[in-house]
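Novice: Sharing a structure with you now.
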Amino acid sequence: MKKLMMIMSATLLLGSCGLYNKYERPDVNTTGLVRDVNSLTDTLAVSDTTSFGNLPWRSVFTDPQLQALIETGLNNNFDLLNAALNVKMVEAQLAVAKLAFVPSFSFTPQGTLSSWDGHTPSKIYSLPVNASWSIDLFGNLLSQKRSAQMALLATKDYQLVVKTNIVAGIANMYYTLLMLDRQLEIVTDMEGLVKETWDMMALQKNLGWARSTSVQSAEANYYAIQAQAADLRRQIRETENSLSLLLGQPAQTIARGKLDNQSLPTEFSTGIALQMLNNRPDVHYAEMSLAQCFYNTQTARSRFYPSITISGSGAYTNNSGAGLVNPGKLLLSAVGSLVQPIFQNGQIVAGLKVAKAQQEQAFNTWQNAILKAGSEVSNALVLYNSSDEKSKLEEKQVAVLKQNVEDTKQLYKSSGSNYLEVITAETSLLNAELSKTADDFYKMQAVVSLYTALGGGRN
């Protein structure tokens, strides 16, 4: 029997060796993860290891008013406050998982009074202290503790995801307000120019040099410009309300600077693709979730092996039934038990299958997060380059159209052009100026997106 027990124990130990394995990152191919907007090879080739995303957010967003808004958001945003509370909850769960290795103790005092046929009652008391210790011979408790550790890391990563999104969201809304302010200025200036055109055509009609249709078209164009200004004021108010909500404060006016005064980086280093796996909190969160599922699978495997528990108790009692008499004496006992699951309605097998499937899902989610990160970096780079190229072309276009408006108005005064050419020239100038302002904003938005895509905004 002793030899049989030794053989069974050795078999169980050998079979459970894999239960103590630690999580190791699976192989992942990051070649060509980020597309180069200029290279003919279609792959971003980089030799440096310094990433734009490693810069502190204060070094990227240097506008003092924007920095103050970001500080307010990081202190007051309710989503970020809840993320911090999630970290505290998972920390408490990890503490419980660590304490599972420590014996549990309980104190259950008991007292009994009993009397038979009216005789003097007998008093029996017992002051027992019970202890129980689960021996983690097959890694059940260890894998649960490691799973809790990965859950804590994943929760902290999620907290960084929320923080990064808040920094990016505040910056994007701030630059949106600057763009809308600038567009409102352009429309307001154009409103004055269109009013001058309307007055000029009305004067020429009174002198008999123009028809009523020219005055009507100019007047209608003036009202269209006013309507456009009203729409921009609405967008400004709505953006301020949204930004106030992100800051965790009631809707209010947002103090801000000017679009033309903004200074953002123009040279970017994306670093090596592998850095993205460690820098981006959402990618790291997905990997920590994969590691957690790995240890959950280990826990499911360990349930096929026996659980060993050592229990002990010590009591101070006067119970004569225990062979003791007054005064009270100590009663000590110890018990060891082993429970080997044999048949549990397929629950253990099903649990392992579920754990393996969840691990595969987590792996797929991690792989998708990596590809998403590369796609976001590529999109941010191409947005910046295309917006910069368009803005330079539109700057030339605006200069030409400004001269075109002046020349067309002069020709109209001398009957060298008709009123439609004047209105068309003014409309084209307005659209070009608004488009240039939008592309300048898209450049800023691309900087924010690239910084976020590279895992920035954390420090």
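To be explicit about the labels: the chains of the structure tokens are called A, B, and onward in the order shown, and within each one the residues are counted from 1, while ligands get numbers from 1 in the order they are shown.
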Need the shell around A:Asn165: protein/DNA/RNA residues with any atom at most 9 Å away, counting only C-alpha atoms. Skip same-chain ones fewer than 4 positions apart. Format as a ChimeraX atom specification?
Specialist: /A:160-161,169-170,452,457
Novice: Export C-alpha atoms of the chosen residues as a CSV table (one decimal), in the first residue's frame?
Specialist:
```csv
chain,number,residue,atom,x,y,z
A,160,LEU,CA,-4.3,54.6,-18.4
A,161,VAL,CA,-6.6,54.1,-21.5
A,169,GLY,CA,-10.4,64.3,-26.0
A,170,ILE,CA,-9.8,67.6,-24.3
A,452,THR,CA,-2.4,58.8,-28.7
A,457,GLY,CA,-0.7,61.0,-22.7
```
Novice: Quick one: residues within 10 Å of stretch 189-202 of chain A, only C-alpha atoms counted, chain neighbours fewer than 3 positions away excluded, as a PyMOL selection string?
Specialist: chain A and resi 183-186+205-226+228-229+405+409+412-413+419+422-423+426-427+429-430
Novice: What's the 12 Å shell around stretch 434-440 of chain A, counting only C-alpha atoms, without same-chain residues fewer than 5 positions away, as a PyMOL selection string?
Specialist: chain A and resi 175-190+228-229+232+258-264+383-399+427-429+445-447
Novice: For the structure I just gave you, how does DSSP split stretch 106-137 of chain A - specifically, which residues are strand (DSSP E)? Reply as a PyMOL selection string.
Specialist: chain A and resi 106-107+110-114+122-135
Novice: Residues near A:Asn86, anyone? I mean within 10 Å using only C-alpha atoms, not counting same-chain ones fewer than 3 positions away, as a list in words.
Specialist: Leu80, Leu81, Asn82, Ala83, Met89, Val90, Glu91, Ala92, Leu152, Thr155, Lys156, Tyr158 and Gln159 of chain A
Novice: Can I get the selection written as an mmCIF file, in the first residue's frame, with C-alpha atoms?
Specialist:
```cif
data_model
loop_
_atom_site.group_PDB
_atom_site.id
_atom_site.type_symbol
_atom_site.label_atom_id
_atom_site.label_comp_id
_atom_site.auth_asym_id
_atom_site.auth_seq_id
_atom_site.Cartn_x
_atom_site.Cartn_y
_atom_site.Cartn_z
ATOM 1 C CA LEU A 80 -11.194 58.466 -14.595
ATOM 2 C CA LEU A 81 -12.299 58.588 -10.941
ATOM 3 C CA ASN A 82 -14.253 55.366 -11.453
ATOM 4 C CA ALA A 83 -11.252 53.751 -13.158
ATOM 5 C CA MET A 89 -11.274 46.927 -5.936
ATOM 6 C CA VAL A 90 -8.951 44.638 -7.901
ATOM 7 C CA GLU A 91 -6.140 45.335 -5.424
ATOM 8 C CA ALA A 92 -8.443 44.096 -2.665
ATOM 9 C CA LEU A 152 -4.690 44.177 -11.513
ATOM 10 C CA THR A 155 -7.167 47.295 -14.644
ATOM 11 C CA LYS A 156 -4.282 49.728 -14.290
ATOM 12 C CA TYR A 158 -7.547 50.447 -18.458
ATOM 13 C CA GLN A 159 -7.043 53.387 -16.121
#
```
Novice: Could you tell me how far atom CA of A:Thr164 sits from atom CA of A:Gly455, in Å to one decimal place?
Specialist: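 One can read the atom CA of A:Gly455 to atom CA of A:Thr164 distance as 7.8 Å.
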